[in-house]
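What follows is upload_27.cif (mmCIF, C-alpha atoms).
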data_structure
loop_
_atom_site.label_atom_id
_atom_site.label_comp_id
_atom_site.auth_asym_id
_atom_site.auth_seq_id
_atom_site.Cartn_x
_atom_site.Cartn_y
_atom_site.Cartn_z
CA MET A 1 117.86 90.15 70.72
CA ARG A 2 120.32 92.68 69.41
CA THR A 3 119.54 96.34 69.87
CA ASP A 4 119.44 96.99 66.12
CA GLU A 5 116.87 94.22 65.69
CA LEU A 6 114.80 95.60 68.53
CA ILE A 7 114.81 99.03 66.91
CA GLU A 8 113.78 97.55 63.55
CA SER A 9 110.91 95.62 65.08
CA LEU A 10 109.70 98.60 67.10
CA ALA A 11 109.88 100.94 64.11
CA ARG A 12 107.97 98.50 61.94
CA HIS A 13 104.86 98.69 64.10
CA VAL A 14 104.82 102.37 64.91
CA GLU A 15 101.37 103.88 65.13
CA PRO A 16 100.49 107.54 65.57
CA VAL A 17 100.04 108.57 69.20
CA GLN A 18 98.21 111.49 70.74
CA PRO A 19 100.39 113.60 73.07
CA ARG A 20 97.22 115.02 74.65
CA GLN A 21 96.14 111.54 75.71
CA GLY A 22 97.00 112.18 79.36
CA GLY A 23 94.80 115.24 79.66
CA LEU A 24 91.93 113.39 78.01
CA ALA A 25 92.36 110.48 80.40
CA PHE A 26 92.26 112.82 83.43
CA ALA A 27 89.18 114.60 82.09
CA LEU A 28 87.49 111.26 81.54
CA ALA A 29 88.40 110.16 85.07
CA LEU A 30 86.76 113.30 86.45
CA ALA A 31 83.70 112.90 84.25
CA ILE A 32 83.17 109.36 85.50
CA ALA A 33 84.10 109.78 89.15
CA THR A 34 82.30 113.04 89.98
CA PRO A 35 78.76 111.70 89.31
CA ILE A 36 79.63 108.58 91.30
CA ALA A 37 80.71 110.75 94.25
CA LEU A 38 77.48 112.76 93.94
CA VAL A 39 75.34 109.63 93.94
CA LEU A 40 77.30 108.24 96.91
CA MET A 41 76.65 111.48 98.79
CA LEU A 42 72.93 111.42 97.97
CA LEU A 43 72.57 107.76 98.98
CA LEU A 44 74.75 107.71 102.09
CA LEU A 45 74.33 111.23 103.46
CA GLY A 46 71.60 113.08 101.58
CA LEU A 47 71.52 116.62 100.30
CA ASN A 48 71.58 119.39 102.89
CA PRO A 49 67.83 120.16 103.35
CA GLN A 50 68.65 123.86 103.68
CA LEU A 51 70.82 123.91 100.58
CA ARG A 52 68.53 126.44 98.85
CA GLU A 53 69.10 129.03 101.59
CA TYR A 54 72.78 128.13 101.78
CA LEU A 55 73.21 129.12 98.14
CA GLY A 56 72.76 132.73 99.23
CA MET A 57 75.42 132.57 101.93
CA PRO A 58 79.05 133.55 101.25
CA MET A 59 80.40 130.90 103.63
CA PHE A 60 78.71 128.16 101.63
CA TRP A 61 80.60 129.33 98.56
CA VAL A 62 83.84 129.45 100.55
CA LYS A 63 83.52 125.81 101.54
CA PHE A 64 82.21 124.63 98.16
CA GLY A 65 84.84 126.74 96.36
CA PHE A 66 87.64 125.39 98.56
CA GLY A 67 87.13 121.96 97.04
CA LEU A 68 86.50 123.24 93.54
CA VAL A 69 89.70 125.29 93.23
CA LEU A 70 91.76 122.28 94.24
CA VAL A 71 90.57 120.48 91.10
CA PRO A 72 92.34 122.57 88.42
CA MET A 73 95.42 122.82 90.66
CA ALA A 74 95.55 119.04 90.94
CA LEU A 75 95.00 118.62 87.20
CA VAL A 76 97.98 120.86 86.43
CA LEU A 77 100.12 118.83 88.84
CA MET A 78 98.95 115.55 87.32
CA LEU A 79 99.62 116.76 83.79
CA ARG A 80 103.15 117.76 84.76
CA LEU A 81 104.00 114.76 86.92
CA SER A 82 102.64 112.24 84.40
CA ARG A 83 105.37 113.10 81.89
CA PRO A 84 108.98 111.98 82.37
CA GLY A 85 111.28 114.97 82.70
CA VAL A 86 108.64 117.52 83.76
CA ARG A 87 108.85 118.66 87.37
CA ALA A 88 105.97 119.82 89.51
CA GLY A 89 107.78 123.13 90.03
CA MET A 90 105.83 126.04 91.49
CA ALA A 91 102.56 124.29 90.69
CA LYS A 92 102.95 122.24 93.86
CA LEU A 93 102.73 125.39 95.99
CA ALA A 94 99.38 126.50 94.54
CA PRO A 95 97.16 124.30 96.75
CA ILE A 96 98.64 125.99 99.82
CA ALA A 97 96.84 129.24 98.92
CA PRO A 98 93.23 128.10 99.51
CA VAL A 99 94.30 126.46 102.76
CA LEU A 100 95.94 129.67 103.96
CA LEU A 101 92.84 131.61 102.97
CA LEU A 102 90.65 129.30 105.07
CA TRP A 103 93.03 129.64 108.00
CA LEU A 104 93.00 133.40 107.69
CA LEU A 105 89.20 133.46 107.71
CA ALA A 106 89.24 131.12 110.71
CA ILE A 107 91.65 133.32 112.67
CA VAL A 108 89.52 136.40 112.00
CA ALA A 109 86.36 134.56 113.03
CA LEU A 110 87.93 133.19 116.21
CA ALA A 111 89.45 136.55 117.14
CA THR A 112 86.12 138.35 116.83
CA ALA A 113 84.06 135.63 118.56
CA ALA A 114 83.18 135.51 122.23
CA PRO A 115 85.73 133.29 124.03
CA GLY A 116 83.06 130.81 125.09
CA GLN A 117 82.01 130.15 121.50
CA ARG A 118 85.40 129.34 120.05
CA VAL A 119 85.47 125.62 120.73
CA ALA A 120 81.95 125.24 119.33
CA MET A 121 83.01 127.09 116.18
CA ILE A 122 85.84 124.64 115.61
CA LEU A 123 83.96 121.45 116.44
CA GLY A 124 80.58 122.39 114.96
CA SER A 125 78.06 119.55 115.14
CA SER A 126 79.76 117.15 112.76
CA TRP A 127 83.55 117.31 113.27
CA ALA A 128 83.88 113.60 113.89
CA GLU A 129 82.26 112.49 110.65
CA CYS A 130 83.39 115.31 108.36
CA PRO A 131 86.96 114.21 107.38
CA ILE A 132 85.94 110.56 107.04
CA ASN A 133 82.97 111.44 104.84
CA ILE A 134 85.13 113.64 102.64
CA ALA A 135 87.68 110.85 102.33
CA VAL A 136 84.96 108.32 101.40
CA LEU A 137 83.50 110.66 98.78
CA SER A 138 87.03 111.14 97.40
CA MET A 139 87.63 107.47 96.74
CA PRO A 140 85.92 107.16 93.33
CA THR A 141 88.03 110.06 92.04
CA LEU A 142 91.20 108.68 93.59
CA VAL A 143 90.69 105.32 91.91
CA ALA A 144 89.83 106.90 88.55
CA ALA A 145 92.74 109.35 88.73
CA LEU A 146 95.22 106.59 89.56
CA ILE A 147 93.93 104.48 86.68
CA ALA A 148 94.27 107.49 84.37
CA LEU A 149 97.82 108.14 85.63
CA ARG A 150 98.72 104.56 84.83
CA THR A 151 98.18 105.31 81.14
CA MET A 152 101.01 107.82 81.46
CA ALA A 153 104.58 107.55 82.76
CA PRO A 154 105.07 109.32 86.09
CA THR A 155 108.62 109.05 87.40
CA GLN A 156 108.01 110.64 90.83
CA LEU A 157 105.49 108.15 92.07
CA VAL A 158 104.84 109.57 95.55
CA ALA A 159 104.22 113.05 94.15
CA ALA A 160 102.07 111.74 91.29
CA GLY A 161 99.99 109.67 93.74
CA ALA A 162 99.59 112.71 95.97
CA ALA A 163 98.44 114.80 92.99
CA ALA A 164 95.79 112.18 92.20
CA GLY A 165 94.81 112.35 95.89
CA LEU A 166 94.52 116.13 95.68
CA LEU A 167 92.16 115.86 92.73
CA ALA A 168 90.14 113.34 94.73
CA GLY A 169 90.22 115.56 97.82
CA GLY A 170 88.94 118.50 95.80
CA ILE A 171 86.01 116.58 94.38
CA GLY A 172 85.31 114.90 97.72
CA THR A 173 85.24 118.22 99.58
CA ALA A 174 83.08 120.00 97.01
CA VAL A 175 80.56 117.14 96.93
CA TYR A 176 80.50 116.87 100.72
CA ALA A 177 79.82 120.61 100.95
CA LEU A 178 76.41 119.92 99.37
CA HIS A 179 75.49 117.77 102.37
CA CYS A 180 77.40 119.47 105.19
CA PRO A 181 75.46 121.89 107.44
CA GLU A 182 78.53 123.70 108.83
CA LEU A 183 79.22 127.33 107.96
CA GLU A 184 81.94 128.44 110.40
CA ALA A 185 85.38 129.14 108.97
CA PRO A 186 87.24 127.58 111.96
CA PHE A 187 85.39 124.30 111.33
CA LEU A 188 86.34 124.32 107.65
CA ALA A 189 89.93 125.32 108.40
CA VAL A 190 90.43 122.18 110.47
CA TRP A 191 88.12 119.44 109.25
CA TYR A 192 87.79 120.23 105.55
CA VAL A 193 91.55 120.60 105.25
CA LEU A 194 92.02 117.31 107.11
CA GLY A 195 89.41 115.62 104.89
CA ALA A 196 91.11 116.82 101.72
CA LEU A 197 94.51 115.73 103.05
CA LEU A 198 93.40 112.14 103.72
CA PRO A 199 93.15 111.16 100.02
CA VAL A 200 96.40 113.05 99.36
CA ALA A 201 98.13 110.89 101.95
CA ILE A 202 96.53 107.71 100.59
CA GLY A 203 97.57 108.64 97.05
CA ALA A 204 101.14 109.32 98.13
CA LEU A 205 101.18 105.99 99.96
CA VAL A 206 99.86 103.81 97.13
CA GLY A 207 101.51 105.75 94.28
CA PRO A 208 104.86 103.92 94.33
CA ARG A 209 103.04 100.56 94.25
CA LEU A 210 100.34 101.32 91.69
CA LEU A 211 102.02 103.74 89.30
CA ARG A 212 105.16 101.74 88.42
CA TRP A 213 105.80 101.04 84.77
CA MET B 214 129.61 100.42 70.74
CA SER B 215 129.95 101.63 67.18
CA ASP B 216 126.87 103.82 67.53
CA ASP B 217 128.81 106.09 69.87
CA ARG B 218 130.94 107.16 66.96
CA SER B 219 127.98 108.08 64.80
CA PRO B 220 128.12 111.71 63.72
CA ARG B 221 124.92 112.51 65.59
CA SER B 222 126.44 112.16 69.02
CA ILE B 223 129.17 114.72 68.39
CA VAL B 224 126.91 117.49 67.14
CA GLU B 225 126.23 120.39 69.46
CA PRO B 226 123.64 119.78 72.19
CA ASP B 227 121.24 122.42 70.82
CA ALA B 228 121.44 121.04 67.30
CA ARG B 229 120.94 117.53 68.64
CA GLU B 230 117.95 118.64 70.66
CA ALA B 231 116.43 120.27 67.56
CA GLN B 232 117.11 117.21 65.42
CA LEU B 233 115.74 114.79 68.01
CA HIS B 234 112.74 117.00 68.59
CA ALA B 235 111.84 116.95 64.90
CA LEU B 236 112.20 113.16 64.85
CA ALA B 237 110.14 112.78 68.02
CA VAL B 238 107.29 114.86 66.65
CA ALA B 239 107.32 112.95 63.35
CA SER B 240 107.41 109.67 65.29
CA GLN B 241 104.36 110.66 67.30
CA ALA B 242 102.59 111.26 64.00
CA GLY B 243 103.42 107.69 62.96
CA ASP B 244 106.35 108.29 60.58
CA ALA B 245 108.18 104.93 60.66
CA VAL B 246 111.36 106.17 58.96
CA ALA B 247 111.74 109.09 61.35
CA TYR B 248 110.94 106.75 64.21
CA ARG B 249 113.75 104.34 63.28
CA ASP B 250 116.24 107.23 63.16
CA PHE B 251 114.86 108.52 66.44
CA LEU B 252 115.29 105.17 68.18
CA ARG B 253 118.85 104.81 66.85
CA ASP B 254 119.77 108.22 68.21
CA VAL B 255 118.05 107.42 71.47
CA ALA B 256 119.94 104.12 71.74
CA ALA B 257 123.28 105.92 71.30
CA LEU B 258 122.39 108.64 73.79
CA VAL B 259 121.04 106.23 76.38
CA ARG B 260 123.99 103.87 75.93
CA ALA B 261 126.42 106.70 76.67
CA PHE B 262 124.29 107.84 79.61
CA LEU B 263 124.09 104.37 81.13
CA ARG B 264 127.69 103.44 80.48
CA ARG B 265 128.80 106.34 82.63
CA ARG B 266 126.50 105.27 85.43
CA LEU B 267 126.80 101.48 85.21
CA ALA B 268 130.58 101.28 84.98
CA ARG B 269 130.55 98.42 87.47
CA LEU B 270 127.86 96.44 85.66
CA PRO B 271 128.94 96.67 82.00
CA ASP B 272 126.99 93.52 81.10
CA ASP B 273 123.76 95.23 82.05
CA VAL B 274 124.21 98.30 79.90
CA GLU B 275 122.89 96.88 76.64
CA ASP B 276 119.97 95.13 78.35
CA LEU B 277 119.01 98.37 79.97
CA VAL B 278 119.41 100.25 76.69
CA GLN B 279 116.88 97.85 75.21
CA GLU B 280 114.55 98.15 78.16
CA THR B 281 114.73 101.92 77.89
CA LEU B 282 113.98 101.73 74.17
CA LEU B 283 110.92 99.62 74.92
CA ALA B 284 109.84 102.14 77.53
CA VAL B 285 110.37 105.01 75.09
CA HIS B 286 108.26 103.10 72.59
CA ASN B 287 105.44 102.29 75.01
CA GLN B 288 105.43 105.79 76.52
CA ARG B 289 105.96 107.84 73.39
CA HIS B 290 102.56 109.48 73.87
CA THR B 291 103.84 110.97 77.16
CA TYR B 292 106.25 113.23 75.33
CA ASP B 293 104.95 116.78 75.18
CA PRO B 294 106.38 118.49 72.06
CA ALA B 295 106.69 121.70 74.11
CA GLN B 296 109.22 120.00 76.39
CA PRO B 297 112.93 119.31 75.69
CA VAL B 298 113.11 115.80 74.27
CA THR B 299 116.48 115.11 75.91
CA ALA B 300 114.97 115.86 79.33
CA TRP B 301 112.20 113.38 78.59
CA LEU B 302 114.68 110.71 77.49
CA HIS B 303 116.96 111.25 80.47
CA ALA B 304 114.05 110.96 82.87
CA ILE B 305 113.02 107.64 81.30
CA ALA B 306 116.57 106.27 81.29
CA ARG B 307 117.10 107.34 84.89
CA TYR B 308 113.80 105.78 85.93
CA LYS B 309 114.74 102.47 84.27
CA LEU B 310 118.20 102.60 85.83
CA VAL B 311 116.83 103.10 89.33
CA ASP B 312 114.29 100.36 88.64
CA LEU B 313 117.05 97.95 87.65
CA LEU B 314 119.19 98.72 90.69
CA ARG B 315 116.22 98.35 93.02
CA ARG B 316 115.22 95.08 91.35
CA ARG B 317 118.77 93.84 91.55
CA ALA B 318 118.91 94.57 95.25
CA ARG B 319 115.64 92.75 95.76
CA THR B 320 116.44 89.61 93.76
CA GLU B 321 119.78 89.32 95.49
CA ALA B 322 118.05 89.53 98.84
CA LEU B 323 115.81 86.56 98.12
CA HIS B 324 117.72 84.08 96.03
CA ASP B 325 115.43 81.13 96.25
CA PRO B 326 115.34 79.09 93.06
CA ILE B 327 111.94 77.68 92.24
CA ASP B 328 112.81 74.39 90.58
CA ASP B 329 115.67 72.32 89.20
CA VAL B 330 115.74 73.97 85.82
CA ASP B 331 116.10 77.35 87.46
CA GLU B 332 119.05 76.14 89.45
CA LEU B 333 120.62 74.79 86.33
CA LEU B 334 120.33 78.16 84.64
CA LEU B 335 121.58 80.03 87.64
CA THR B 336 124.51 77.68 88.07
CA ALA B 337 125.41 78.05 84.45
CA ASP B 338 125.18 81.81 84.84
CA GLU B 339 127.61 81.61 87.73
CA ARG B 340 130.49 79.72 86.26
CA GLU B 341 132.15 82.02 83.82
CA GLY B 342 131.65 84.55 81.09
CA GLY B 343 131.61 81.96 78.33
CA VAL B 344 128.66 80.21 79.86
CA GLN B 345 126.58 83.37 79.74
CA ARG B 346 127.14 83.35 76.01
CA ASP B 347 126.17 79.66 75.77
CA LEU B 348 123.00 80.51 77.59
CA GLU B 349 122.29 83.29 75.16
CA LYS B 350 122.89 80.91 72.26
CA LEU B 351 120.49 78.40 73.74
CA LEU B 352 117.91 81.07 74.40
CA ALA B 353 118.26 82.30 70.85
CA LEU B 354 116.92 78.93 69.70
CA LEU B 355 113.61 79.57 71.41
CA PRO B 356 110.74 81.49 69.84
CA ASP B 357 110.14 85.01 71.19
CA LYS B 358 107.11 84.02 73.23
CA GLN B 359 109.25 81.58 75.22
CA ARG B 360 112.56 83.42 75.18
CA LEU B 361 111.36 86.83 76.33
CA PRO B 362 109.36 85.53 79.33
CA ILE B 363 112.40 83.49 80.42
CA ILE B 364 114.73 86.45 80.07
CA TYR B 365 112.45 88.82 81.92
CA MET B 366 111.23 86.47 84.64
CA LYS B 367 114.11 84.09 85.25
CA LEU B 368 117.12 86.22 84.44
CA GLU B 369 115.91 89.68 85.37
CA GLY B 370 113.53 88.65 88.11
CA LEU B 371 110.42 90.45 86.90
CA SER B 372 106.95 89.35 87.96
CA VAL B 373 104.47 87.65 85.65
CA ILE B 374 102.47 90.87 85.39
CA GLU B 375 105.48 93.01 84.51
CA THR B 376 106.64 90.46 81.97
CA ALA B 377 103.20 90.34 80.40
CA ARG B 378 103.11 94.11 80.14
CA ARG B 379 106.58 94.28 78.66
CA THR B 380 106.11 91.53 76.09
CA GLY B 381 102.49 92.24 75.23
CA LEU B 382 101.66 88.59 75.98
CA SER B 383 98.85 87.57 78.31
CA GLU B 384 99.81 86.46 81.80
CA SER B 385 98.93 82.86 81.11
CA ALA B 386 100.93 82.97 77.87
CA VAL B 387 103.92 84.22 79.89
CA LYS B 388 103.62 81.35 82.35
CA VAL B 389 103.21 78.78 79.59
CA GLY B 390 106.13 80.33 77.68
CA VAL B 391 108.46 80.07 80.68
CA HIS B 392 107.39 76.54 81.43
CA ARG B 393 107.71 75.23 77.87
CA GLY B 394 110.85 77.22 77.17
CA LEU B 395 112.64 75.88 80.24
CA LYS B 396 111.58 72.35 79.29
CA VAL B 397 113.01 72.78 75.80
CA LEU B 398 116.22 74.25 77.21
CA ALA B 399 116.62 71.38 79.66
CA ALA B 400 116.06 68.86 76.87
CA LYS B 401 118.64 70.57 74.69
CA LEU B 402 121.18 70.67 77.51
CA ARG B 403 120.55 67.03 78.30
CA ALA B 404 120.97 66.12 74.64
CA ALA B 405 124.26 67.98 74.57
CA GLY B 406 125.43 66.01 77.61
CA ASP B 407 126.04 69.21 79.48
CA ILE B 408 123.74 68.32 82.27
CA ARG B 409 126.18 65.77 83.70
CA ASP B 410 128.89 68.42 84.05
CA THR B 411 126.69 70.66 86.10
CA PRO B 412 127.72 70.54 89.75
CA ASP B 413 125.00 69.55 92.15
CA ALA B 414 123.08 72.74 92.50
CA SER B 415 122.54 73.91 96.02
CA GLY B 416 121.05 76.97 97.65
CA ASP B 417 124.22 79.02 97.32
CA ALA B 418 124.13 78.76 93.54
CA ALA B 419 122.29 82.03 93.29
CA ALA B 420 124.25 83.90 95.92
#
Re-express the file's structure as structure tokens.
Amino acid sequence: MRTDELIESLARHVEPVQPRQGGLAFALALAIATPIALVLMLLLLGLNPQLREYLGMPMFWVKFGFGLVLVPMALVLMLRLSRPGVRAGMAKLAPIAPVLLLWLLAIVALATAAPGQRVAMILGSSWAECPINIAVLSMPTLVAALIALRTMAPTQLVAAGAAAGLLAGGIGTAVYALHCPELEAPFLAVWYVLGALLPVAIGALVGPRLLRW
Amino acid sequence: MSDDRSPRSIVEPDAREAQLHALAVASQAGDAVAYRDFLRDVAALVRAFLRRRLARLPDDVEDLVQETLLAVHNQRHTYDPAQPVTAWLHAIARYKLVDLLRRRARTEALHDPIDDVDELLLTADEREGGVQRDLEKLLALLPDKQRLPIIYMKLEGLSVIETARRTGLSESAVKVGVHRGLKVLAAKLRAAGDIRDTPDASGDAAA
């Protein structure tokens, strides 16, 4: 086919498109995946029986908030990376801030604790299951976010996959916080960060395969 | 090509950006006239962009221009009117260029023709420039639903899924199109007596 003919045939069937489609797709992905993650948590792990008391504790809000703030940061990254010609720019540095904040809290807590308690503060009672559980609870969001990204045209596929993973990690961490009994900053600084990073790594890994267009 | 000499490509970059931006926004709203102008400008821009970068593969430039136009068409909702439209276009063209080079490297690594008809096509492709044109003439005789799957799958090495996405056909329609199209081509070649001239195809035909 000659290029002129191609242009004619494409122009003949042009329909209006919605430039905000990407944002809507990401919002829809969140709206579908978050309840699924919640139900998964309730079925597989159960709500923290002490959740009512936890709601009055600042450290609960630190760990719940850690996941929540990752969500808008990931959405901004996804919105940028899903359009050809838009770079992630400074937006990719934003997720470092909540991690640094957790680490800072952890250092303060460890420095002021009795030396014999430090290892217990890091390992808590659930270190072995925490990152895996967060990763499992992230999966519905990762799948939904990748499907939503496929309706757009990311050109940096590793970064776009990682951004989808960050969204998933944020939801996974926030949902897991409703089950998790831990309250020590050193625990969160290691295992929550690791749990949130797992879906990021998975997203970066599968991005080039799944997001091609 | 002649489009390079169109007045649009010699206007100042800022003016061109403004003009293209207006066309892009109108196109997103479904304005077919603006969209045709937009695609023509895009074709000229992309052609110039690719010609600089594909100097060693001049035969691929126009194919890639068309592929980029299709991508621009399919992804036109991904353009954010707040963003420079030339940046958007360049990113798409660059993505398609890298895709082509990667695909090329891959298909050259595993040249393993699937059946006789494939070998015939590949052999014909090998011989000389004129044959490429004969092949195009033959392909032009086929309906779109057979020609496009053959071009994408057999000449460019795309998968069934990619071909289906690009042509808008279902995967089974792509497979049927390739199968029937190759049959028709073989019959036409046989009728023309060409098939006897074809040297015995062997594995190195695709090298």
Query raised in the report: Suppose you want the space between CA of Arg379 (chain B) and CA of Asp312 (chain B); what is it in Å?
Result: 14.0 Å
Requested in this report: Write out as a list in words the residues lying within 9 Å of Ala386 (chain B), counting all atoms listed in the file and excluding same-chain residues fewer than 3 positions away.
Outcome: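 Once the adjacent positions are removed, what remains is Lys358, Gln359, Pro362, Ala377, Leu382, Ser383, Val389, Gly390 and Val391 of chain B.
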Requested in this report: Using only C-alpha atoms, find the residues of chain A whose closest atom to chain B is at most 10 Å away, then write them as a PyMOL selection string.
Outcome: chain A and resi 1-4+6-22+79-80+82-86+151-156+212-213
Report task. Would you list the contacts of region 61-73 of chain A as a VMD selection string, taking every protein, DNA or RNA residue within 6 Å and counting all atoms listed in the file, but skipping same-chain residues closer than 2 positions in sequence? Result -> chain A and resid 58 to 59 75 to 76 167 170 173 to 174 177
Report task. Measuring atom to atom with all atoms listed in the file, identify which of A:Cys180, A:Val99, A:Met90, A:Ala25 is nearest to Arg150 (chain A). Result ->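 Of the candidates, the smallest distance to Arg150 (chain A) is held by A:Ala25.
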As JSON: centre and edge lengths in Å, one decimal, of the axis-aligned box holding region 138-149 of chain A with 6 Å per side:
{"center_x": 91.9, "center_y": 107.8, "center_z": 90.9, "size_x": 23.9, "size_y": 18.7, "size_z": 25.0}
Query - Spatial sel., origin (69.0, 126.7, 103.6), limit 12 Å, all atoms listed in the file, listed as JSON, numbers by chain - result: {"A": [47, 48, 49, 50, 51, 52, 53, 54, 55, 56, 57, 60, 178, 179, 180, 181, 182, 183]}
Go ahead and save the residues from that selection, with C-alpha atoms, as an mmCIF file, in the coordinates of the input.
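Produced file selection.cif, reproduced below:
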data_model
loop_
_atom_site.group_PDB
_atom_site.id
_atom_site.type_symbol
_atom_site.label_atom_id
_atom_site.label_comp_id
_atom_site.auth_asym_id
_atom_site.auth_seq_id
_atom_site.Cartn_x
_atom_site.Cartn_y
_atom_site.Cartn_z
ATOM 1 C CA LEU A 47 71.520 116.620 100.300
ATOM 2 C CA ASN A 48 71.580 119.390 102.890
ATOM 3 C CA PRO A 49 67.830 120.160 103.350
ATOM 4 C CA GLN A 50 68.650 123.860 103.680
ATOM 5 C CA LEU A 51 70.820 123.910 100.580
ATOM 6 C CA ARG A 52 68.530 126.440 98.850
ATOM 7 C CA GLU A 53 69.100 129.030 101.590
ATOM 8 C CA TYR A 54 72.780 128.130 101.780
ATOM 9 C CA LEU A 55 73.210 129.120 98.140
ATOM 10 C CA GLY A 56 72.760 132.730 99.230
ATOM 11 C CA MET A 57 75.420 132.570 101.930
ATOM 12 C CA PHE A 60 78.710 128.160 101.630
ATOM 13 C CA LEU A 178 76.410 119.920 99.370
ATOM 14 C CA HIS A 179 75.490 117.770 102.370
ATOM 15 C CA CYS A 180 77.400 119.470 105.190
ATOM 16 C CA PRO A 181 75.460 121.890 107.440
ATOM 17 C CA GLU A 182 78.530 123.700 108.830
ATOM 18 C CA LEU A 183 79.220 127.330 107.960
#
**Report entry** Local residues around (90.1, 135.1, 112.2), at most 12 Å away, using only C-alpha atoms, as a list in words
**Finding:**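 Residues with an atom close enough to that point: Leu100, Leu101, Leu102, Trp103, Leu104, Leu105, Ala106, Ile107, Val108, Ala109, Leu110, Ala111, Thr112, Ala113, Arg118, Met121, Ile122, Glu184, Ala185, Pro186, Phe187 and Ala189 of chain A.
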Output C-alpha atoms of each residue in that selection to a file, as a PDB file, keeping the file's coordinate frame.
ATOM      1  CA  LEU A 100      95.940 129.670 103.960  1.00  0.00           C
ATOM      2  CA  LEU A 101      92.840 131.610 102.970  1.00  0.00           C
ATOM      3  CA  LEU A 102      90.650 129.300 105.070  1.00  0.00           C
ATOM      4  CA  TRP A 103      93.030 129.640 108.000  1.00  0.00           C
ATOM      5  CA  LEU A 104      93.000 133.400 107.690  1.00  0.00           C
ATOM      6  CA  LEU A 105      89.200 133.460 107.710  1.00  0.00           C
ATOM      7  CA  ALA A 106      89.240 131.120 110.710  1.00  0.00           C
ATOM      8  CA  ILE A 107      91.650 133.320 112.670  1.00  0.00           C
ATOM      9  CA  VAL A 108      89.520 136.400 112.000  1.00  0.00           C
ATOM     10  CA  ALA A 109      86.360 134.560 113.030  1.00  0.00           C
ATOM     11  CA  LEU A 110      87.930 133.190 116.210  1.00  0.00           C
ATOM     12  CA  ALA A 111      89.450 136.550 117.140  1.00  0.00           C
ATOM     13  CA  THR A 112      86.120 138.350 116.830  1.00  0.00           C
ATOM     14  CA  ALA A 113      84.060 135.630 118.560  1.00  0.00           C
ATOM     15  CA  ARG A 118      85.400 129.340 120.050  1.00  0.00           C
ATOM     16  CA  MET A 121      83.010 127.090 116.180  1.00  0.00           C
ATOM     17  CA  ILE A 122      85.840 124.640 115.610  1.00  0.00           C
ATOM     18  CA  GLU A 184      81.940 128.440 110.400  1.00  0.00           C
ATOM     19  CA  ALA A 185      85.380 129.140 108.970  1.00  0.00           C
ATOM     20  CA  PRO A 186      87.240 127.580 111.960  1.00  0.00           C
ATOM     21  CA  PHE A 187      85.390 124.300 111.330  1.00  0.00           C
ATOM     22  CA  ALA A 189      89.930 125.320 108.400  1.00  0.00           C
TER      23      ALA A 189
END
Query raised in the report: Between CA of Leu194 (chain A) and CA of Val136 (chain A), what is the spacing in Å?
Result: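 These two atoms are separated by 12.8 Å.
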Query - Among listed residues A:Val200, A:Ile171, A:Ala144, A:Leu137, nearest Leu43 (chain A) (using only C-alpha atoms) - result: A:Leu137
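Put simply, CA of Pro140 (chain A) is 26.3 Å away from CA of Arg87 (chain A).
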Query raised in the report: Which one of B:Ala237, B:Leu355, B:Thr376, B:Leu313 sits closest to Val274 (chain B) if you count all atoms listed in the file?
Result: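 Of B:Ala237, B:Leu355, B:Thr376, B:Leu313, the one nearest Val274 (chain B) is B:Leu313, counting all atoms listed in the file.
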Query raised in the report: Which is closer to Ala196 (chain A) than all the others in A:Gly116, A:Gly169, A:Gly23, A:Pro98, using only C-alpha atoms?
Result: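 For Ala196 (chain A), the nearest of the given residues is A:Gly169.
Shortest separation to Cys130 (chain A) among A:Ala168, A:Ala74, A:Leu198, A:Ile96 occurs at residue A:Leu198, atoms counted being only C-alpha atoms.
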Query raised in the report: Quick one: residues within 7 Å of Val206 (chain A), all atoms listed in the file counted, chain neighbours fewer than 4 positions away excluded, as a list of chain:residue names?
Result: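 Surrounding residues, per the criterion: A:Gly161, A:Ile202, A:Leu210.
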How would region 240-244 of chain B read, as a short mmCIF file (atom, residue, chain, number, x, y, z; two decimals), in the frame of the given file, once N, CA, C and O atoms are built in?
data_model
loop_
_atom_site.label_atom_id
_atom_site.label_comp_id
_atom_site.auth_asym_id
_atom_site.auth_seq_id
_atom_site.Cartn_x
_atom_site.Cartn_y
_atom_site.Cartn_z
N SER B 240 107.69 111.03 64.79
CA SER B 240 107.41 109.67 65.29
C SER B 240 106.03 109.61 65.92
O SER B 240 105.30 108.63 65.74
N GLN B 241 105.69 110.65 66.67
CA GLN B 241 104.36 110.66 67.30
C GLN B 241 103.26 110.66 66.25
O GLN B 241 102.17 110.16 66.49
N ALA B 242 103.57 111.23 65.07
CA ALA B 242 102.59 111.26 64.00
C ALA B 242 102.55 109.94 63.24
O ALA B 242 101.72 109.78 62.34
N GLY B 243 103.46 109.01 63.58
CA GLY B 243 103.42 107.69 62.96
C GLY B 243 104.38 107.51 61.79
O GLY B 243 104.25 106.55 61.03
N ASP B 244 105.37 108.38 61.66
CA ASP B 244 106.35 108.29 60.58
C ASP B 244 107.40 107.22 60.94
O ASP B 244 108.25 107.44 61.80
#
